[in-house]
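Notes for the one structure printed next.
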Amino acid sequence: MAAQSWVDLLRSSRKTVLVHDGKRKVHYLFSDGKQMAEEYDMKTDELVVRKWRTKSKLGAQGPWEMEVGESFPSTEAVLEHQLIKENCSNPVFMRKDTKTCFQWRVRNLPYPKEVYSLSVDPEERSCIIRTTNKKYYKKFDIPDLHRCQLPLESSALTFTHANNTLIISYKKPKEILTLEEDLLKNLKKMKSVNDGDVDCKTQ
């Protein structure tokens with residue numbers, strides 16, 4: 001089973017758990033050198049951050065790539081932002097899950113709900129956002145389904161629109177819910193390290 005293969009990868013990885021500032025932070029180091037970092041809200045147990053880092057062909061550490069949560073600009077990007085001011089009204093796409101749904105938010109979309117349409121491309125296993133006024137188009141996938149080799153079901157996809165924000169939800173299949181529940185139980189059993197005991201490079 002593909003979901004079991006992903007579980008086995010997680011179990012065999014080297015894990016470090018840090019509890020800090022109301023968050024349970026977990027760092028995974030896989031046998032191929034890839035790293036995954038997650039953060040869970042201690043009150044709700046919701047995943048608020050998941051990011052990945054891989055090594056380049058020369059062995060150097062690449063930048064963190066955000067899968068869940070909002071990425072914050074680097075120091076260089078902040079300096080560049082001061083020189084060239086970005087248009088604040090540009091749409092901002094980010095993923096923010098709930099316990100029962102994968103969820104994405106697109107801020108700065110002022111158009112009414114009837115303008116938007118959602119569809120699934122089964123061949124590319126991706127979701128597509130379109131607007132009838134051709135002002136916004138976005139194609140995105142759901143890595144969690146890829147990792148567990150689960151089908152992408154159009155019936156699980158819904159959306160709503162409020163406060164200039166488009167909110168897209170995909171109901172998590174039972175296989176994902178079971179996997180996440182078991183994973184969280186195991187993480188809670190792990191002994192966490194103190195904030196100062198962990199090399200910041202592995203967080």
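All residue names refer to the structure tokens as shown: chains lettered A, B, ... in order, residues numbered from 1 in each chain, ligands numbered from 1 in order.
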
Stretch 118-124 of chain A surroundings by only C-alpha atoms, 7 Å radius, close-in-sequence under 4 positions cut, as a short mmCIF file (atom, residue, chain, number, x, y, z; two decimals) with N, CA and C atoms, in the first residue's frame:
```
data_model
loop_
_atom_site.label_atom_id
_atom_site.label_comp_id
_atom_site.auth_asym_id
_atom_site.auth_seq_id
_atom_site.Cartn_x
_atom_site.Cartn_y
_atom_site.Cartn_z
N ILE A 128 -7.57 23.15 -10.63
CA ILE A 128 -7.43 24.36 -11.43
C ILE A 128 -8.48 25.39 -11.01
N ILE A 129 -8.03 26.61 -10.74
CA ILE A 129 -8.92 27.73 -10.46
C ILE A 129 -8.97 28.61 -11.71
N ARG A 130 -10.18 28.92 -12.15
CA ARG A 130 -10.36 29.82 -13.29
C ARG A 130 -11.37 30.90 -12.93
N LEU A 152 -7.52 11.77 -6.97
CA LEU A 152 -8.00 13.14 -6.79
C LEU A 152 -9.48 13.16 -7.19
N SER A 154 -13.01 15.04 -7.68
CA SER A 154 -13.60 16.37 -7.87
C SER A 154 -14.74 16.63 -6.88
#
```

As JSON, numbers by chain, please: every residue in stretch 37-140 of chain A that a backbone DSSP assignment puts in alpha helix (DSSP H).
{"A": [75, 76, 77, 78, 79, 80, 81, 82, 83]}

Pick from A:Ser155, A:Ile176, A:Tyr111, A:Ser192: nearest to A:His27, with only C-alpha atoms counted?
A:Ser192

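Put simply, atom CA of A:Leu10 is 16.6 Å away from atom CA of A:Lys191.
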
For stretch 144-167 of chain A against stretch 179-190 of chain A, with a cut-off of 12 Å and counting only C-alpha atoms, what is the closest atom pair and its distance in Å to one decimal for every residue that makes the cut, ordered by chain and number, as CSV?
```
residue,atom,partner,partner_atom,distance
A:Asp144,CA,A:Glu180,CA,10.6
A:Leu145,CA,A:Leu179,CA,11.8
A:Arg147,CA,A:Leu179,CA,11.8
A:Cys148,CA,A:Leu179,CA,9.8
```

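Residues with any atom within 12 Å of A:Phe93, counting only C-alpha atoms and excluding same-chain neighbours fewer than 3 positions away, are Met66, Glu67, Val68, Gly69, Glu70, Ser71, Asn90, Lys96, Gln103, Trp104, Arg105, Val106, Arg107, Asn108, Leu109, Ile129, Tyr136, Tyr137, Lys138, Lys139, Phe140, Thr165, Leu166, Ile167 and Ile168 of chain A.
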
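Put simply, atom CA of A:Asp41 is 6.5 Å away from atom CA of A:Arg24.
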
When DSSP works through the backbone of this structure, what residues of stretch 28-202 of chain A end up as strand (DSSP E), shown as number ranges by chain?
A: 28-29, 35-41, 47-53, 65-68, 92-95, 101-107, 116-121, 126-131, 137-140, 157-162, 165-171

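If you look at atom CA of A:Arg95 and atom CA of A:Ser5, they are 24.5 Å away from each other.
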
Do you know which residues are at most 7 Å from stretch 46-56 of chain A counting only C-alpha atoms, after dropping those on the same chain fewer than 4 positions away, and could you put them as a PDB file with all heavy atoms, in the first residue's frame?
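Output contents, as saved in result.pdb:
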```pdb
ATOM      1  N   GLY A  33      18.753  12.364   2.378  1.00  0.00           N
ATOM      2  CA  GLY A  33      19.243  13.702   2.671  1.00  0.00           C
ATOM      3  C   GLY A  33      18.171  14.779   2.677  1.00  0.00           C
ATOM      4  O   GLY A  33      18.415  15.913   3.108  1.00  0.00           O
ATOM      5  N   LYS A  34      16.962  14.439   2.225  1.00  0.00           N
ATOM      6  CA  LYS A  34      15.873  15.421   2.266  1.00  0.00           C
ATOM      7  C   LYS A  34      15.485  15.714   3.707  1.00  0.00           C
ATOM      8  O   LYS A  34      15.587  14.856   4.579  1.00  0.00           O
ATOM      9  CB  LYS A  34      14.639  14.887   1.518  1.00  0.00           C
ATOM     10  CG  LYS A  34      14.742  14.952   0.004  1.00  0.00           C
ATOM     11  CD  LYS A  34      13.432  14.491  -0.623  1.00  0.00           C
ATOM     12  CE  LYS A  34      13.514  14.527  -2.149  1.00  0.00           C
ATOM     13  NZ  LYS A  34      12.261  14.032  -2.762  1.00  0.00           N
ATOM     14  N   GLN A  35      15.025  16.943   3.916  1.00  0.00           N
ATOM     15  CA  GLN A  35      14.561  17.339   5.239  1.00  0.00           C
ATOM     16  C   GLN A  35      13.128  17.846   5.142  1.00  0.00           C
ATOM     17  O   GLN A  35      12.753  18.483   4.170  1.00  0.00           O
ATOM     18  CB  GLN A  35      15.435  18.460   5.811  1.00  0.00           C
ATOM     19  CG  GLN A  35      16.888  18.089   6.002  1.00  0.00           C
ATOM     20  CD  GLN A  35      17.688  19.269   6.496  1.00  0.00           C
ATOM     21  OE1 GLN A  35      17.415  19.820   7.559  1.00  0.00           O
ATOM     22  NE2 GLN A  35      18.679  19.683   5.720  1.00  0.00           N
ATOM     23  N   MET A  36      12.337  17.542   6.160  1.00  0.00           N
ATOM     24  CA  MET A  36      10.980  18.078   6.267  1.00  0.00           C
ATOM     25  C   MET A  36      10.810  18.650   7.658  1.00  0.00           C
ATOM     26  O   MET A  36      11.236  18.033   8.643  1.00  0.00           O
ATOM     27  CB  MET A  36       9.937  16.988   6.008  1.00  0.00           C
ATOM     28  CG  MET A  36       8.503  17.495   6.062  1.00  0.00           C
ATOM     29  SD  MET A  36       7.268  16.228   5.611  1.00  0.00           S
ATOM     30  CE  MET A  36       7.241  15.226   7.110  1.00  0.00           C
ATOM     31  N   ALA A  37      10.229  19.828   7.752  1.00  0.00           N
ATOM     32  CA  ALA A  37       9.967  20.454   9.047  1.00  0.00           C
ATOM     33  C   ALA A  37       8.475  20.752   9.152  1.00  0.00           C
ATOM     34  O   ALA A  37       7.870  21.265   8.211  1.00  0.00           O
ATOM     35  CB  ALA A  37      10.779  21.742   9.189  1.00  0.00           C
ATOM     36  N   GLU A  38       7.894  20.391  10.281  1.00  0.00           N
ATOM     37  CA  GLU A  38       6.475  20.632  10.510  1.00  0.00           C
ATOM     38  C   GLU A  38       6.285  21.361  11.829  1.00  0.00           C
ATOM     39  O   GLU A  38       7.087  21.239  12.748  1.00  0.00           O
ATOM     40  CB  GLU A  38       5.688  19.315  10.558  1.00  0.00           C
ATOM     41  CG  GLU A  38       5.650  18.559   9.251  1.00  0.00           C
ATOM     42  CD  GLU A  38       4.813  17.296   9.338  1.00  0.00           C
ATOM     43  OE1 GLU A  38       4.760  16.672  10.429  1.00  0.00           O
ATOM     44  OE2 GLU A  38       4.220  16.912   8.320  1.00  0.00           O
ATOM     45  N   GLU A  39       5.182  22.118  11.910  1.00  0.00           N
ATOM     46  CA  GLU A  39       4.798  22.764  13.159  1.00  0.00           C
ATOM     47  C   GLU A  39       3.317  22.511  13.398  1.00  0.00           C
ATOM     48  O   GLU A  39       2.498  22.676  12.480  1.00  0.00           O
ATOM     49  CB  GLU A  39       5.056  24.282  13.113  1.00  0.00           C
ATOM     50  CG  GLU A  39       6.518  24.647  13.045  1.00  0.00           C
ATOM     51  CD  GLU A  39       6.749  26.156  13.061  1.00  0.00           C
ATOM     52  OE1 GLU A  39       5.797  26.902  13.440  1.00  0.00           O
ATOM     53  OE2 GLU A  39       7.849  26.593  12.697  1.00  0.00           O
ATOM     54  N   TYR A  40       2.991  22.092  14.631  1.00  0.00           N
ATOM     55  CA  TYR A  40       1.603  21.836  15.008  1.00  0.00           C
ATOM     56  C   TYR A  40       1.199  22.787  16.133  1.00  0.00           C
ATOM     57  O   TYR A  40       1.980  23.029  17.059  1.00  0.00           O
ATOM     58  CB  TYR A  40       1.435  20.400  15.503  1.00  0.00           C
ATOM     59  CG  TYR A  40       1.632  19.342  14.456  1.00  0.00           C
ATOM     60  CD1 TYR A  40       2.905  18.858  14.168  1.00  0.00           C
ATOM     61  CD2 TYR A  40       0.555  18.804  13.763  1.00  0.00           C
ATOM     62  CE1 TYR A  40       3.102  17.872  13.200  1.00  0.00           C
ATOM     63  CE2 TYR A  40       0.735  17.827  12.801  1.00  0.00           C
ATOM     64  CZ  TYR A  40       2.010  17.362  12.523  1.00  0.00           C
ATOM     65  OH  TYR A  40       2.202  16.388  11.559  1.00  0.00           O
ATOM     66  N   ASP A  41      -0.012  23.302  16.055  1.00  0.00           N
ATOM     67  CA  ASP A  41      -0.555  24.112  17.135  1.00  0.00           C
ATOM     68  C   ASP A  41      -0.858  23.186  18.316  1.00  0.00           C
ATOM     69  O   ASP A  41      -1.570  22.198  18.170  1.00  0.00           O
ATOM     70  CB  ASP A  41      -1.837  24.818  16.668  1.00  0.00           C
ATOM     71  CG  ASP A  41      -2.351  25.809  17.687  1.00  0.00           C
ATOM     72  OD1 ASP A  41      -2.706  25.381  18.807  1.00  0.00           O
ATOM     73  OD2 ASP A  41      -2.430  27.012  17.373  1.00  0.00           O
ATOM     74  N   ALA A  60      25.177  21.064  -1.572  1.00  0.00           N
ATOM     75  CA  ALA A  60      24.853  22.232  -0.745  1.00  0.00           C
ATOM     76  C   ALA A  60      23.377  22.198  -0.353  1.00  0.00           C
ATOM     77  O   ALA A  60      22.541  21.697  -1.099  1.00  0.00           O
ATOM     78  CB  ALA A  60      25.163  23.515  -1.512  1.00  0.00           C
ATOM     79  N   GLN A  61      23.067  22.750   0.810  1.00  0.00           N
ATOM     80  CA  GLN A  61      21.675  22.795   1.258  1.00  0.00           C
ATOM     81  C   GLN A  61      20.907  23.833   0.452  1.00  0.00           C
ATOM     82  O   GLN A  61      21.326  24.975   0.323  1.00  0.00           O
ATOM     83  CB  GLN A  61      21.601  23.157   2.746  1.00  0.00           C
ATOM     84  CG  GLN A  61      22.092  22.070   3.672  1.00  0.00           C
ATOM     85  CD  GLN A  61      21.125  20.893   3.762  1.00  0.00           C
ATOM     86  OE1 GLN A  61      20.101  20.865   3.091  1.00  0.00           O
ATOM     87  NE2 GLN A  61      21.465  19.912   4.576  1.00  0.00           N
ATOM     88  N   GLY A  62      19.776  23.432  -0.082  1.00  0.00           N
ATOM     89  CA  GLY A  62      18.930  24.360  -0.815  1.00  0.00           C
ATOM     90  C   GLY A  62      18.045  25.143   0.134  1.00  0.00           C
ATOM     91  O   GLY A  62      18.034  24.893   1.340  1.00  0.00           O
ATOM     92  N   PRO A  63      17.264  26.080  -0.388  1.00  0.00           N
ATOM     93  CA  PRO A  63      16.360  26.855   0.470  1.00  0.00           C
ATOM     94  C   PRO A  63      15.153  26.013   0.893  1.00  0.00           C
ATOM     95  O   PRO A  63      14.822  25.016   0.255  1.00  0.00           O
ATOM     96  CB  PRO A  63      15.919  28.005  -0.448  1.00  0.00           C
ATOM     97  CG  PRO A  63      16.017  27.422  -1.831  1.00  0.00           C
ATOM     98  CD  PRO A  63      17.182  26.482  -1.800  1.00  0.00           C
ATOM     99  N   TRP A  64      14.518  26.423   1.980  1.00  0.00           N
ATOM    100  CA  TRP A  64      13.288  25.757   2.411  1.00  0.00           C
ATOM    101  C   TRP A  64      12.164  26.104   1.436  1.00  0.00           C
ATOM    102  O   TRP A  64      12.017  27.261   1.041  1.00  0.00           O
ATOM    103  CB  TRP A  64      12.898  26.207   3.815  1.00  0.00           C
ATOM    104  CG  TRP A  64      13.723  25.595   4.905  1.00  0.00           C
ATOM    105  CD1 TRP A  64      14.730  26.195   5.608  1.00  0.00           C
ATOM    106  CD2 TRP A  64      13.605  24.259   5.430  1.00  0.00           C
ATOM    107  NE1 TRP A  64      15.250  25.319   6.530  1.00  0.00           N
ATOM    108  CE2 TRP A  64      14.570  24.123   6.450  1.00  0.00           C
ATOM    109  CE3 TRP A  64      12.776  23.179   5.133  1.00  0.00           C
ATOM    110  CZ2 TRP A  64      14.742  22.944   7.172  1.00  0.00           C
ATOM    111  CZ3 TRP A  64      12.937  21.992   5.856  1.00  0.00           C
ATOM    112  CH2 TRP A  64      13.908  21.892   6.867  1.00  0.00           C
ATOM    113  N   GLU A  65      11.382  25.095   1.061  1.00  0.00           N
ATOM    114  CA  GLU A  65      10.239  25.307   0.175  1.00  0.00           C
ATOM    115  C   GLU A  65       8.962  24.987   0.946  1.00  0.00           C
ATOM    116  O   GLU A  65       8.793  23.889   1.460  1.00  0.00           O
ATOM    117  CB  GLU A  65      10.353  24.417  -1.070  1.00  0.00           C
ATOM    118  CG  GLU A  65      11.531  24.797  -1.950  1.00  0.00           C
ATOM    119  CD  GLU A  65      11.588  23.968  -3.220  1.00  0.00           C
ATOM    120  OE1 GLU A  65      10.625  23.200  -3.477  1.00  0.00           O
ATOM    121  OE2 GLU A  65      12.575  24.079  -3.953  1.00  0.00           O
ATOM    122  N   MET A  66       8.069  25.982   1.007  1.00  0.00           N
ATOM    123  CA  MET A  66       6.869  25.860   1.820  1.00  0.00           C
ATOM    124  C   MET A  66       5.802  25.010   1.130  1.00  0.00           C
ATOM    125  O   MET A  66       5.511  25.191  -0.048  1.00  0.00           O
ATOM    126  CB  MET A  66       6.319  27.266   2.092  1.00  0.00           C
ATOM    127  CG  MET A  66       5.296  27.330   3.194  1.00  0.00           C
ATOM    128  SD  MET A  66       5.983  27.000   4.845  1.00  0.00           S
ATOM    129  CE  MET A  66       7.006  28.449   5.095  1.00  0.00           C
ATOM    130  N   GLU A  67       5.247  24.055   1.864  1.00  0.00           N
ATOM    131  CA  GLU A  67       4.114  23.255   1.370  1.00  0.00           C
ATOM    132  C   GLU A  67       2.823  23.681   2.062  1.00  0.00           C
ATOM    133  O   GLU A  67       1.786  23.826   1.429  1.00  0.00           O
ATOM    134  CB  GLU A  67       4.366  21.762   1.608  1.00  0.00           C
ATOM    135  CG  GLU A  67       3.244  20.867   1.113  1.00  0.00           C
ATOM    136  CD  GLU A  67       3.520  19.387   1.328  1.00  0.00           C
ATOM    137  OE1 GLU A  67       4.625  18.919   0.978  1.00  0.00           O
ATOM    138  OE2 GLU A  67       2.625  18.703   1.853  1.00  0.00           O
ATOM    139  N   VAL A  68       2.895  23.871   3.388  1.00  0.00           N
ATOM    140  CA  VAL A  68       1.750  24.327   4.168  1.00  0.00           C
ATOM    141  C   VAL A  68       2.196  25.534   4.994  1.00  0.00           C
ATOM    142  O   VAL A  68       3.270  25.514   5.586  1.00  0.00           O
ATOM    143  CB  VAL A  68       1.231  23.226   5.117  1.00  0.00           C
ATOM    144  CG1 VAL A  68       0.074  23.744   5.974  1.00  0.00           C
ATOM    145  CG2 VAL A  68       0.797  21.998   4.330  1.00  0.00           C
ATOM    146  N   GLY A  69       1.359  26.573   5.033  1.00  0.00           N
ATOM    147  CA  GLY A  69       1.695  27.771   5.795  1.00  0.00           C
ATOM    148  C   GLY A  69       2.152  28.889   4.892  1.00  0.00           C
ATOM    149  O   GLY A  69       2.282  28.717   3.675  1.00  0.00           O
ATOM    150  N   LYS A  96      -3.470  26.458   4.035  1.00  0.00           N
ATOM    151  CA  LYS A  96      -3.681  26.477   5.485  1.00  0.00           C
ATOM    152  C   LYS A  96      -4.729  25.419   5.801  1.00  0.00           C
ATOM    153  O   LYS A  96      -5.920  25.643   5.621  1.00  0.00           O
ATOM    154  CB  LYS A  96      -4.157  27.865   5.936  1.00  0.00           C
ATOM    155  CG  LYS A  96      -4.263  28.035   7.440  1.00  0.00           C
ATOM    156  CD  LYS A  96      -4.741  29.442   7.779  1.00  0.00           C
ATOM    157  CE  LYS A  96      -4.745  29.680   9.292  1.00  0.00           C
ATOM    158  NZ  LYS A  96      -5.652  28.779  10.012  1.00  0.00           N
ATOM    159  N   ASP A  97      -4.283  24.243   6.250  1.00  0.00           N
ATOM    160  CA  ASP A  97      -5.182  23.110   6.438  1.00  0.00           C
ATOM    161  C   ASP A  97      -6.012  23.214   7.719  1.00  0.00           C
ATOM    162  O   ASP A  97      -5.670  23.934   8.658  1.00  0.00           O
ATOM    163  CB  ASP A  97      -4.384  21.809   6.489  1.00  0.00           C
ATOM    164  CG  ASP A  97      -3.790  21.441   5.133  1.00  0.00           C
ATOM    165  OD1 ASP A  97      -4.082  22.144   4.139  1.00  0.00           O
ATOM    166  OD2 ASP A  97      -3.036  20.453   5.066  1.00  0.00           O
ATOM    167  N   THR A  98      -7.109  22.442   7.730  1.00  0.00           N
ATOM    168  CA  THR A  98      -7.872  22.220   8.956  1.00  0.00           C
ATOM    169  C   THR A  98      -7.734  20.734   9.305  1.00  0.00           C
ATOM    170  O   THR A  98      -7.077  19.977   8.586  1.00  0.00           O
ATOM    171  CB  THR A  98      -9.360  22.576   8.760  1.00  0.00           C
ATOM    172  OG1 THR A  98      -9.956  21.624   7.863  1.00  0.00           O
ATOM    173  CG2 THR A  98      -9.514  23.976   8.192  1.00  0.00           C
ATOM    174  N   LYS A  99      -8.376  20.295  10.379  1.00  0.00           N
ATOM    175  CA  LYS A  99      -8.272  18.897  10.779  1.00  0.00           C
ATOM    176  C   LYS A  99      -8.915  17.970   9.751  1.00  0.00           C
ATOM    177  O   LYS A  99      -8.492  16.828   9.578  1.00  0.00           O
ATOM    178  CB  LYS A  99      -8.943  18.680  12.145  1.00  0.00           C
ATOM    179  CG  LYS A  99      -8.236  19.354  13.303  1.00  0.00           C
ATOM    180  CD  LYS A  99      -6.890  18.722  13.617  1.00  0.00           C
ATOM    181  CE  LYS A  99      -7.043  17.405  14.345  1.00  0.00           C
ATOM    182  NZ  LYS A  99      -5.731  16.805  14.693  1.00  0.00           N
TER     183      LYS A  99
END
```

Pick from A:Thr158, A:Thr132, A:Asn163, A:Met42 nearest to A:His20, counting only C-alpha atoms:
A:Met42
